[in-house]
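Visitor: Just one file: structure-v6.txt, with compact mmCIF, C-alpha atoms.
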# COMPACT_ATOMS: atom_id res chain seq x y z
CA MET J 256 244.31 140.90 0.55
CA GLU J 257 242.80 143.32 -1.96
CA ASP J 258 242.34 141.87 -5.43
CA LYS J 259 244.98 143.23 -7.79
CA LYS J 260 242.31 144.01 -10.38
CA THR J 261 240.65 146.46 -7.99
CA LYS J 262 243.86 148.30 -7.14
CA ASN J 263 244.67 151.65 -8.64
CA ARG J 264 247.33 151.38 -11.34
CA ILE J 265 250.59 153.30 -11.08
CA LEU J 266 252.87 153.66 -14.09
CA VAL J 267 256.56 154.03 -13.17
CA VAL J 268 258.68 155.49 -15.99
CA ASP J 269 262.48 155.51 -15.59
CA ASP J 270 265.42 154.30 -17.66
CA ALA J 271 267.37 153.21 -14.55
CA PRO J 272 266.44 149.67 -13.32
CA GLU J 273 267.51 150.47 -9.75
CA ASN J 274 265.08 153.41 -9.54
CA ILE J 275 262.27 151.27 -10.93
CA TRP J 276 262.99 148.57 -8.32
CA ILE J 277 262.90 151.04 -5.41
CA LEU J 278 259.59 152.55 -6.54
CA VAL J 279 258.01 149.19 -7.22
CA GLU J 280 259.01 147.92 -3.78
CA ALA J 281 257.58 151.06 -2.16
CA LEU J 282 254.21 150.89 -3.93
CA LYS J 283 253.49 147.27 -4.83
CA ASP J 284 251.50 146.47 -1.68
CA GLU J 285 248.92 149.19 -2.33
CA TYR J 286 248.90 149.51 -6.12
CA ALA J 287 249.10 147.54 -9.33
CA ILE J 288 252.40 148.61 -10.86
CA MET J 289 253.06 149.18 -14.56
CA VAL J 290 256.62 149.84 -15.79
CA ALA J 291 258.06 151.71 -18.78
CA LYS J 292 261.75 152.34 -19.47
CA ASN J 293 261.31 155.24 -21.92
CA GLY J 294 258.89 157.95 -22.94
CA TYR J 295 257.52 156.12 -25.94
CA SER J 296 256.48 153.11 -23.85
CA CYS J 297 254.94 155.47 -21.32
CA LEU J 298 252.70 157.09 -23.94
CA ARG J 299 251.68 153.71 -25.35
CA LEU J 300 250.70 152.34 -21.95
CA ALA J 301 248.91 155.55 -20.94
CA GLU J 302 246.73 155.32 -24.07
CA GLY J 303 246.14 151.59 -23.66
CA GLU J 304 243.08 149.60 -22.65
CA HIS J 305 243.95 149.86 -18.94
CA PRO J 306 245.43 153.35 -18.41
CA PRO J 307 247.20 154.19 -15.16
CA ASP J 308 245.61 156.25 -12.40
CA ALA J 309 248.90 158.11 -11.84
CA ILE J 310 252.30 158.30 -13.53
CA LEU J 311 255.70 158.62 -11.84
CA LEU J 312 257.77 160.11 -14.64
CA ASP J 313 261.55 160.51 -14.75
CA VAL J 314 262.63 163.89 -16.11
CA THR J 315 265.90 162.82 -17.74
CA MET J 316 265.57 159.92 -20.19
CA PRO J 317 267.02 159.05 -23.60
CA GLY J 318 264.81 159.69 -26.64
CA ILE J 319 262.15 162.06 -25.37
CA ASP J 320 262.57 163.50 -21.88
CA GLY J 321 259.95 163.66 -19.19
CA TYR J 322 258.89 167.21 -20.03
CA GLU J 323 258.05 166.27 -23.60
CA VAL J 324 256.22 163.14 -22.44
CA CYS J 325 254.17 165.25 -20.04
CA ARG J 326 253.39 167.72 -22.82
CA CYS J 327 252.12 164.87 -25.00
CA LEU J 328 250.03 163.42 -22.18
CA LYS J 329 248.33 166.75 -21.48
CA ALA J 330 247.68 167.40 -25.18
CA ASN J 331 245.77 164.12 -25.53
CA ALA J 332 242.14 164.15 -24.34
CA ALA J 333 242.43 160.46 -23.40
CA THR J 334 245.37 161.00 -21.03
CA ARG J 335 245.30 164.64 -19.93
CA ASN J 336 243.54 163.90 -16.63
CA ILE J 337 246.10 161.34 -15.44
CA PRO J 338 248.14 162.90 -12.59
CA VAL J 339 251.85 163.15 -13.39
CA LEU J 340 254.48 163.24 -10.65
CA PHE J 341 257.99 164.01 -11.87
CA ILE J 342 260.89 162.09 -10.35
CA THR J 343 264.33 163.66 -10.54
CA GLY J 344 267.75 163.64 -8.94
CA GLN J 345 267.88 167.41 -8.54
CA ILE J 346 265.35 170.18 -8.68
CA ASP J 347 265.64 173.92 -9.05
CA ALA J 348 262.96 176.61 -9.13
CA GLY J 349 263.11 176.96 -12.91
CA SER J 350 262.73 173.23 -13.59
CA GLU J 351 259.93 172.89 -11.07
CA ALA J 352 258.04 175.83 -12.58
CA LYS J 353 258.45 174.34 -16.06
CA GLY J 354 257.04 170.99 -14.95
CA LEU J 355 254.08 172.51 -13.12
CA GLU J 356 253.36 174.73 -16.10
CA LEU J 357 253.19 171.63 -18.29
CA GLY J 358 250.58 170.16 -15.97
CA ALA J 359 252.58 168.00 -13.55
CA MET J 360 250.98 167.71 -10.11
CA ASP J 361 254.10 167.17 -7.97
CA TYR J 362 257.84 166.44 -7.83
CA ILE J 363 259.56 163.56 -6.01
CA THR J 364 263.30 163.88 -5.60
CA LYS J 365 265.98 161.16 -5.42
CA PRO J 366 267.11 159.41 -3.30
CA PHE J 367 263.57 158.16 -2.72
CA GLN J 368 262.02 157.99 0.72
CA PRO J 369 259.41 155.18 0.53
CA LEU J 370 257.04 156.76 3.04
CA LEU J 371 257.14 160.11 1.23
CA VAL J 372 256.60 158.42 -2.15
CA LYS J 373 253.54 156.55 -0.80
CA THR J 374 252.08 159.72 0.70
CA ARG J 375 252.55 161.81 -2.46
CA VAL J 376 251.07 159.09 -4.66
CA ARG J 377 248.15 158.44 -2.28
CA ASN J 378 247.31 162.17 -2.21
CA GLN J 379 247.19 162.36 -5.99
CA ILE J 380 245.07 159.21 -6.28
CA GLU J 381 242.55 160.64 -3.79
CA LEU J 382 242.46 163.97 -5.63
CA LYS J 383 241.85 162.15 -8.91
CA LYS J 384 238.98 160.20 -7.35
CA HIS J 385 237.37 163.44 -6.19
CA ARG J 386 237.84 165.04 -9.62
CA ASP J 387 236.40 162.00 -11.37
CA GLN J 388 233.38 162.02 -9.05
CA LEU J 389 232.87 165.72 -9.65
CA ASP J 390 233.06 165.17 -13.41
CA LEU J 391 230.37 162.48 -13.13
CA LEU J 392 228.13 164.81 -11.13
CA VAL J 393 228.64 167.64 -13.62
CA HIS J 394 227.94 165.32 -16.53
CA ALA J 395 224.75 164.02 -14.89
CA ARG J 396 223.63 167.57 -14.11
CA THR J 397 224.36 168.68 -17.67
CA GLU J 398 222.35 165.78 -19.08
CA GLN J 399 219.47 166.60 -16.75
CA LEU J 400 219.56 170.27 -17.79
CA SER J 401 219.70 169.31 -21.46
CA LEU J 402 216.67 167.04 -21.05
CA THR J 403 214.80 169.82 -19.23
CA GLN J 404 215.54 172.22 -22.07
CA GLU J 405 214.44 169.74 -24.72
CA VAL J 406 211.20 168.87 -22.91
CA THR J 407 210.41 172.57 -22.36
CA ILE J 408 210.93 173.35 -26.03
CA GLU J 409 208.86 170.38 -27.19
CA ALA J 410 206.03 171.31 -24.83
CA MET J 411 205.95 174.90 -26.10
CA ALA J 412 206.18 173.83 -29.74
CA THR J 413 203.28 171.43 -29.21
CA LEU J 414 201.09 174.43 -28.34
CA ALA J 415 201.57 175.78 -31.85
CA GLU J 416 201.07 172.32 -33.35
CA TRP J 417 197.72 171.90 -31.58
CA ARG J 418 196.56 175.24 -32.95
CA ASP J 419 197.75 174.50 -36.46
CA PRO J 420 198.04 170.80 -37.40
CA GLU J 421 200.07 171.74 -40.50
CA THR J 422 202.97 172.83 -38.28
CA GLY J 423 203.82 169.28 -37.12
CA GLY J 424 205.89 168.33 -40.17
CA HIS J 425 206.92 171.96 -40.60
CA ILE J 426 208.52 171.98 -37.13
CA LYS J 427 210.51 168.81 -37.76
CA ARG J 428 211.66 169.88 -41.22
CA THR J 429 212.69 173.41 -40.31
CA GLN J 430 214.75 172.35 -37.31
CA HIS J 431 216.68 169.93 -39.52
CA TYR J 432 217.06 172.62 -42.20
CA VAL J 433 218.46 175.04 -39.63
CA ARG J 434 220.95 172.49 -38.34
CA THR J 435 222.03 171.65 -41.91
CA LEU J 436 222.72 175.31 -42.68
CA ALA J 437 224.50 175.92 -39.37
CA GLU J 438 226.75 172.86 -39.71
CA TYR J 439 227.77 173.91 -43.21
CA MET J 440 228.46 177.52 -42.19
CA ALA J 441 230.40 176.43 -39.08
CA ALA J 442 233.28 175.47 -41.40
CA LEU J 443 233.39 178.90 -43.06
CA PRO J 444 235.79 181.69 -42.00
CA GLY J 445 234.20 183.96 -39.42
CA TYR J 446 231.61 181.43 -38.26
CA GLN J 447 233.69 178.75 -36.51
CA ARG J 448 233.56 180.44 -33.10
CA ILE J 449 229.94 181.55 -33.40
CA LEU J 450 228.53 178.23 -34.58
CA SER J 451 230.04 175.92 -31.99
CA LYS J 452 228.67 172.39 -31.57
CA ASN J 453 226.73 173.54 -28.50
CA MET J 454 225.30 176.53 -30.37
CA ILE J 455 224.21 174.34 -33.28
CA GLU J 456 222.47 171.96 -30.90
CA MET J 457 220.67 174.89 -29.23
CA LEU J 458 219.60 176.18 -32.64
CA TYR J 459 218.25 172.74 -33.50
CA LEU J 460 216.32 172.50 -30.24
CA SER J 461 215.05 176.10 -30.33
CA ALA J 462 213.94 176.19 -33.98
CA PRO J 463 210.55 174.54 -33.27
CA LEU J 464 209.56 177.63 -31.26
CA HIS J 465 209.80 180.06 -34.18
CA ASP J 466 206.01 180.17 -34.66
CA VAL J 467 204.94 179.65 -31.05
CA GLY J 468 203.32 183.10 -31.17
CA LYS J 469 200.68 181.75 -33.53
CA VAL J 470 198.80 180.40 -30.51
CA SER J 471 197.36 183.92 -30.28
CA THR J 472 196.38 184.21 -33.96
CA PRO J 473 192.60 183.99 -34.52
CA ASP J 474 191.38 180.84 -36.29
CA ALA J 475 189.70 182.88 -39.02
CA ILE J 476 193.11 184.24 -40.02
CA LEU J 477 195.25 181.19 -39.29
CA PHE J 478 193.07 178.84 -41.35
CA LYS J 479 191.88 181.25 -44.03
CA PRO J 480 192.21 179.48 -47.42
CA GLY J 481 192.51 182.67 -49.47
CA ARG J 482 194.73 185.70 -49.44
CA LEU J 483 194.74 187.76 -46.23
CA THR J 484 193.48 191.32 -46.28
CA PRO J 485 195.99 194.04 -45.28
CA GLU J 486 194.33 194.25 -41.85
CA GLU J 487 194.44 190.48 -41.39
CA PHE J 488 198.08 190.38 -42.45
CA GLU J 489 198.95 193.02 -39.87
CA GLN J 490 197.32 190.85 -37.22
CA MET J 491 199.13 187.75 -38.51
CA LYS J 492 202.46 189.60 -38.25
CA LEU J 493 201.90 190.01 -34.53
CA HIS J 494 202.75 186.34 -33.99
CA THR J 495 206.41 187.40 -33.92
CA VAL J 496 205.73 189.85 -31.09
CA HIS J 497 203.54 187.43 -29.18
CA GLY J 498 206.18 184.71 -29.55
CA ARG J 499 208.81 187.12 -28.25
CA ASP J 500 206.65 188.07 -25.27
CA LEU J 501 205.87 184.46 -24.38
CA LEU J 502 209.50 183.37 -24.53
CA PHE J 503 210.78 186.53 -22.88
CA ALA J 504 208.55 185.92 -19.86
CA ALA J 505 209.98 182.40 -19.52
CA GLU J 506 213.49 183.71 -20.15
CA GLN J 507 213.18 186.18 -17.27
CA ARG J 508 212.65 183.28 -14.90
CA LEU J 509 215.62 181.26 -16.20
CA GLY J 510 218.04 184.15 -16.82
CA SER J 511 219.14 186.00 -19.94
CA ASP J 512 221.85 183.44 -20.68
CA SER J 513 219.37 180.55 -20.87
CA PHE J 514 218.68 178.53 -24.00
CA LEU J 515 215.46 180.52 -24.43
CA SER J 516 217.44 183.58 -25.53
CA ILE J 517 218.10 181.82 -28.85
CA ALA J 518 214.45 180.81 -29.21
CA HIS J 519 213.46 184.38 -28.34
CA ASP J 520 215.60 185.81 -31.16
CA ILE J 521 214.29 183.27 -33.67
CA ALA J 522 210.61 183.82 -32.83
CA TYR J 523 210.92 187.61 -32.90
CA CYS J 524 213.17 188.13 -35.92
CA HIS J 525 212.69 185.28 -38.41
CA HIS J 526 210.55 187.50 -40.67
CA GLU J 527 213.11 190.32 -40.80
CA ARG J 528 214.77 190.87 -44.17
CA TRP J 529 218.40 191.45 -45.11
CA ASP J 530 217.39 194.72 -46.84
CA GLY J 531 215.48 196.02 -43.80
CA LYS J 532 211.99 195.64 -45.32
CA GLY J 533 210.85 192.84 -43.02
CA TYR J 534 208.87 192.85 -39.78
CA PRO J 535 208.28 193.51 -36.92
CA ARG J 536 211.25 195.88 -36.42
CA GLY J 537 212.57 196.49 -39.92
CA ILE J 538 216.18 195.81 -38.92
CA ARG J 539 218.68 194.84 -41.58
CA GLU J 540 221.76 192.75 -42.37
CA GLU J 541 223.81 191.64 -39.37
CA ALA J 542 221.59 193.52 -36.94
CA ILE J 543 219.32 190.52 -37.45
CA PRO J 544 220.47 187.67 -35.15
CA LEU J 545 222.22 184.88 -37.08
CA SER J 546 219.77 182.37 -35.61
CA ALA J 547 216.87 184.26 -37.22
CA ARG J 548 218.70 184.60 -40.55
CA LEU J 549 219.13 180.84 -40.65
CA MET J 550 215.50 180.28 -39.73
CA SER J 551 214.34 182.75 -42.39
CA VAL J 552 215.71 180.62 -45.24
CA ALA J 553 214.57 177.37 -43.62
CA ASP J 554 211.07 178.74 -42.99
CA VAL J 555 210.58 180.17 -46.48
CA TYR J 556 211.88 177.02 -48.16
CA ASP J 557 209.43 174.88 -46.23
CA ALA J 558 206.51 177.27 -46.73
CA LEU J 559 207.04 177.26 -50.49
CA ALA J 560 207.84 173.56 -50.86
CA SER J 561 204.86 172.40 -48.76
CA LYS J 562 201.14 172.34 -49.44
CA ARG J 563 199.07 174.81 -47.41
CA VAL J 564 195.34 175.52 -47.16
CA TYR J 565 195.90 178.60 -49.33
CA LYS J 566 198.32 177.17 -51.95
CA PRO J 567 199.81 174.04 -53.55
CA ALA J 568 203.43 172.96 -52.99
CA LEU J 569 206.04 174.34 -55.38
CA PRO J 570 208.70 172.10 -56.99
CA HIS J 571 212.12 172.14 -55.37
CA GLU J 572 213.72 173.79 -58.41
CA LYS J 573 211.20 176.66 -58.31
CA VAL J 574 211.82 177.19 -54.60
CA MET J 575 215.56 177.22 -55.29
CA GLU J 576 215.05 179.93 -57.88
CA ILE J 577 212.95 182.10 -55.54
CA ILE J 578 215.44 181.87 -52.67
CA ARG J 579 218.37 182.52 -54.99
CA GLU J 580 216.61 185.65 -56.24
CA GLY J 581 216.17 186.77 -52.62
CA ARG J 582 219.91 186.73 -51.98
CA GLU J 583 221.01 190.11 -50.54
CA SER J 584 217.42 191.41 -50.51
CA GLN J 585 215.31 189.07 -48.38
CA PHE J 586 218.05 186.74 -47.20
CA ASP J 587 221.58 186.82 -45.82
CA PRO J 588 223.79 186.04 -48.85
CA HIS J 589 226.01 183.67 -46.83
CA VAL J 590 222.99 181.69 -45.67
CA VAL J 591 221.68 181.49 -49.24
CA ASP J 592 225.06 180.20 -50.40
CA ALA J 593 224.96 177.56 -47.66
CA PHE J 594 221.43 176.62 -48.75
CA ILE J 595 222.51 176.19 -52.38
CA ALA J 596 225.43 174.02 -51.27
CA THR J 597 223.20 171.80 -49.12
CA GLN J 598 220.09 171.73 -51.30
CA GLU J 599 220.14 167.95 -51.73
CA THR J 600 220.09 167.54 -47.95
CA PHE J 601 217.08 169.86 -47.84
CA ARG J 602 215.35 167.72 -50.43
CA ASP J 603 216.09 164.55 -48.41
CA ILE J 604 214.74 166.14 -45.21
CA ALA J 605 211.55 167.21 -47.00
CA ARG J 606 211.01 163.64 -48.22
CA HIS J 607 211.72 162.09 -44.83
CA PHE J 608 209.39 164.37 -42.85
CA VAL J 609 206.61 164.64 -45.42
CA ASP J 610 203.20 165.79 -44.10
CA GLU J 611 200.64 163.04 -43.62
CA ASP J 612 198.14 164.59 -46.03
CA SER J 613 200.82 164.90 -48.69
CA LEU J 614 201.84 161.31 -48.08
CA GLY J 615 198.21 160.24 -48.43
CA GLU J 616 197.90 162.08 -51.71
CA ARG J 617 201.03 160.36 -53.03
CA GLU J 618 199.66 156.95 -52.08
CA ARG J 619 196.34 157.73 -53.80
CA GLU J 620 198.22 158.85 -56.91
CA ARG J 621 200.16 155.57 -56.96
CA GLU J 622 196.93 153.59 -56.59
CA GLY J 623 195.44 155.55 -59.49
CA ASP J 624 198.49 154.78 -61.62
CA ASP J 625 198.17 151.08 -60.82
CA ASN J 626 194.56 151.10 -61.93
Kindly transcribe the structure held in the file into structure tokens.
Guide:
Amino acid sequence: MEDKKTKNRILVVDDAPENIWILVEALKDEYAIMVAKNGYSCLRLAEGEHPPDAILLDVTMPGIDGYEVCRCLKANAATRNIPVLFITGQIDAGSEAKGLELGAMDYITKPFQPLLVKTRVRNQIELKKHRDQLDLLVHARTEQLSLTQEVTIEAMATLAEWRDPETGGHIKRTQHYVRTLAEYMAALPGYQRILSKNMIEMLYLSAPLHDVGKVSTPDAILFKPGRLTPEEFEQMKLHTVHGRDLLFAAEQRLGSDSFLSIAHDIAYCHHERWDGKGYPRGIREEAIPLSARLMSVADVYDALASKRVYKPALPHEKVMEIIREGRESQFDPHVVDAFIATQETFRDIARHFVDEDSLGEREREREGDDN
């Protein structure tokens, strides 16, 4: 005989003991039976440690009726996938439509026919097994796709890091800055639908590609310690176009709805300005993709707060002042407001992902102080 622990669990819910007895007798050989005599007990058992694989639910019960119980089950993420079969003494088209609209899978009418009850329950159990297996396959496929996206992004970002060793810490910091801004703005009116959890994750993963176009920038310009000439600056600006072209070529292979569309927007537009005086297109305000507006603040903060071959790092307070002054000229005012609200998180990120040379300088300074 099959071990009871391996049997599918059926929850029978009815306030009439005779109905419970009939259903238990019909199903006990094939299933492990759970019993509830009212809607409240049903909900408690359904949310318990060992939830049922199907529920036979009486429509008419004292307290809360079967329709309300079904509504509660389907509103709860933990129980919404449990098949519900209504049991009732009489059924009309209106009642049946109401039950099916609430999410019930079937109706079983009284007086019960044991063979029919077994068949209906068995069908729903098999359907649930197929749905559960499909969910597992979809979840596995989604995880595989997510890993593919992450590896692709990291590989591309590494190209830029090899060309410019300074970008290693910059990449890590800016992607955390972007996520910090996006998570804060996701709670603001008008941004909840745009900045979904999935979108924020894609922003976080895509942010490292914002400077991937620098792989085409000549060394003499990329590593120049002094100020660039106007001609050199024009050539430096082309990294946005080259980044767009590189990502666009990859995007064409994966489709326009791929994760690279976000990276494409960031790489191409993160040097655009709110007032339209940026590059390469000179677009303004909300014509600039939100992803690029977020990256703009993150990128400028890190550029100013970090040491570069051509300049020392600025104090956090000075960087705050510069970005605040750029509100509504260089930067999206809403993004600047989010930055001001999360500035301490920015400071923590900068400390956590400090560049190795900066860390070495700090250690040498401490040693000097000790001496």
Visitor: Given the choices J:Lys566, J:His589, J:Asn336, J:Leu493, which gets closest to Lys479 in chain J if the distance is worked out from all atoms listed in the file?
Guide: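 The closest residue to Lys479 in chain J is J:Lys566.
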Visitor: Show me the residues around (256.7, 165.8, -7.7) - criterion: an atom at most 7 Å away, all atoms listed in the file counted - as a PDB file with C-alpha atoms, in the coordinates of the input.
Guide:
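Writing the result to out_27.pdb gives the following:
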ATOM      1  CA  LEU J 340     254.480 163.240 -10.650  1.00  0.00           C
ATOM      2  CA  PHE J 341     257.990 164.010 -11.870  1.00  0.00           C
ATOM      3  CA  ILE J 342     260.890 162.090 -10.350  1.00  0.00           C
ATOM      4  CA  MET J 360     250.980 167.710 -10.110  1.00  0.00           C
ATOM      5  CA  ASP J 361     254.100 167.170  -7.970  1.00  0.00           C
ATOM      6  CA  TYR J 362     257.840 166.440  -7.830  1.00  0.00           C
ATOM      7  CA  ILE J 363     259.560 163.560  -6.010  1.00  0.00           C
TER       8      ILE J 363
END
Visitor: Residues near range 273-284 of chain J, anyone? I mean within 10 Å using all atoms listed in the file, not counting same-chain ones fewer than 3 positions away, as a PyMOL selection string.
Guide: chain J and resi 256-257+259+262+264-270+287-292+311+313+342+365-373+376-377
Visitor: Restricting it to C-alpha atoms, dump the selection as a short mmCIF file (atom, residue, chain, number, x, y, z; two decimals), keeping the file's coordinate frame.
Guide:
data_model
loop_
_atom_site.label_atom_id
_atom_site.label_comp_id
_atom_site.auth_asym_id
_atom_site.auth_seq_id
_atom_site.Cartn_x
_atom_site.Cartn_y
_atom_site.Cartn_z
CA MET J 256 244.31 140.90 0.55
CA GLU J 257 242.80 143.32 -1.96
CA LYS J 259 244.98 143.23 -7.79
CA LYS J 262 243.86 148.30 -7.14
CA ARG J 264 247.33 151.38 -11.34
CA ILE J 265 250.59 153.30 -11.08
CA LEU J 266 252.87 153.66 -14.09
CA VAL J 267 256.56 154.03 -13.17
CA VAL J 268 258.68 155.49 -15.99
CA ASP J 269 262.48 155.51 -15.59
CA ASP J 270 265.42 154.30 -17.66
CA ALA J 287 249.10 147.54 -9.33
CA ILE J 288 252.40 148.61 -10.86
CA MET J 289 253.06 149.18 -14.56
CA VAL J 290 256.62 149.84 -15.79
CA ALA J 291 258.06 151.71 -18.78
CA LYS J 292 261.75 152.34 -19.47
CA LEU J 311 255.70 158.62 -11.84
CA ASP J 313 261.55 160.51 -14.75
CA ILE J 342 260.89 162.09 -10.35
CA LYS J 365 265.98 161.16 -5.42
CA PRO J 366 267.11 159.41 -3.30
CA PHE J 367 263.57 158.16 -2.72
CA GLN J 368 262.02 157.99 0.72
CA PRO J 369 259.41 155.18 0.53
CA LEU J 370 257.04 156.76 3.04
CA LEU J 371 257.14 160.11 1.23
CA VAL J 372 256.60 158.42 -2.15
CA LYS J 373 253.54 156.55 -0.80
CA VAL J 376 251.07 159.09 -4.66
CA ARG J 377 248.15 158.44 -2.28
#
Visitor: Neighbours of Glu576 in chain J within 12 Å (only C-alpha atoms; same-chain residues fewer than 2 positions away dropped), as number ranges by chain?
Guide: J: 556, 559-560, 569-574, 578-582, 591, 594-595, 598
Visitor: Would you work out the distance separating CA of Leu501 in chain J from CA of Ala462 in chain J, expressed in Å to one decimal?
Guide: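 Distance reported for this atom pair: 15.0 Å.
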Visitor: Measure the distance from CA of Phe478 in chain J to CA of Asp603 in chain J in Å and round it to one decimal.
Guide: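 These atoms are spaced 28.0 Å apart.
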Visitor: In terms of the shortest atom-to-atom distance over only C-alpha atoms, which of J:Ser461, J:Gln490, J:Thr495, J:Gln430 is closest to Pro535 in chain J?
Guide: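 Looking at the shortest contact to Pro535 in chain J, the residue is J:Thr495.
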Visitor: Taking the partial coordinates given, rebuild range 535-548 of chain J to contain N, CA and C atoms; return it as a PDB file, in the coordinates of the input.
Guide:
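Saved file selection.pdb follows:
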ATOM      1  N   PRO J 535     209.041 192.347 -37.370  1.00  0.00           N
ATOM      2  CA  PRO J 535     208.280 193.510 -36.920  1.00  0.00           C
ATOM      3  C   PRO J 535     209.094 194.787 -36.741  1.00  0.00           C
ATOM      4  N   ARG J 536     210.441 194.703 -36.755  1.00  0.00           N
ATOM      5  CA  ARG J 536     211.250 195.880 -36.420  1.00  0.00           C
ATOM      6  C   ARG J 536     211.844 196.575 -37.634  1.00  0.00           C
ATOM      7  N   GLY J 537     211.956 195.884 -38.751  1.00  0.00           N
ATOM      8  CA  GLY J 537     212.570 196.490 -39.920  1.00  0.00           C
ATOM      9  C   GLY J 537     214.074 196.639 -39.808  1.00  0.00           C
ATOM     10  N   ILE J 538     214.715 195.773 -39.022  1.00  0.00           N
ATOM     11  CA  ILE J 538     216.180 195.810 -38.920  1.00  0.00           C
ATOM     12  C   ILE J 538     216.785 195.131 -40.130  1.00  0.00           C
ATOM     13  N   ARG J 539     218.078 195.339 -40.357  1.00  0.00           N
ATOM     14  CA  ARG J 539     218.680 194.840 -41.580  1.00  0.00           C
ATOM     15  C   ARG J 539     220.034 194.202 -41.334  1.00  0.00           C
ATOM     16  N   GLU J 540     220.451 193.407 -42.317  1.00  0.00           N
ATOM     17  CA  GLU J 540     221.760 192.750 -42.370  1.00  0.00           C
ATOM     18  C   GLU J 540     222.128 192.111 -41.038  1.00  0.00           C
ATOM     19  N   GLU J 541     223.349 192.374 -40.533  1.00  0.00           N
ATOM     20  CA  GLU J 541     223.810 191.640 -39.370  1.00  0.00           C
ATOM     21  C   GLU J 541     223.216 192.128 -38.060  1.00  0.00           C
ATOM     22  N   ALA J 542     222.366 193.154 -38.122  1.00  0.00           N
ATOM     23  CA  ALA J 542     221.590 193.520 -36.940  1.00  0.00           C
ATOM     24  C   ALA J 542     220.560 192.438 -36.627  1.00  0.00           C
ATOM     25  N   ILE J 543     220.212 191.657 -37.642  1.00  0.00           N
ATOM     26  CA  ILE J 543     219.320 190.520 -37.450  1.00  0.00           C
ATOM     27  C   ILE J 543     220.138 189.372 -36.845  1.00  0.00           C
ATOM     28  N   PRO J 544     219.710 188.780 -35.739  1.00  0.00           N
ATOM     29  CA  PRO J 544     220.470 187.670 -35.150  1.00  0.00           C
ATOM     30  C   PRO J 544     220.704 186.556 -36.179  1.00  0.00           C
ATOM     31  N   LEU J 545     221.884 185.949 -36.143  1.00  0.00           N
ATOM     32  CA  LEU J 545     222.220 184.880 -37.080  1.00  0.00           C
ATOM     33  C   LEU J 545     221.202 183.740 -36.984  1.00  0.00           C
ATOM     34  N   SER J 546     220.751 183.440 -35.781  1.00  0.00           N
ATOM     35  CA  SER J 546     219.770 182.370 -35.610  1.00  0.00           C
ATOM     36  C   SER J 546     218.518 182.644 -36.431  1.00  0.00           C
ATOM     37  N   ALA J 547     218.072 183.889 -36.461  1.00  0.00           N
ATOM     38  CA  ALA J 547     216.870 184.260 -37.220  1.00  0.00           C
ATOM     39  C   ALA J 547     217.140 184.268 -38.719  1.00  0.00           C
ATOM     40  N   ARG J 548     218.366 184.624 -39.126  1.00  0.00           N
ATOM     41  CA  ARG J 548     218.700 184.600 -40.550  1.00  0.00           C
ATOM     42  C   ARG J 548     218.709 183.170 -41.090  1.00  0.00           C
TER      43      ARG J 548
END
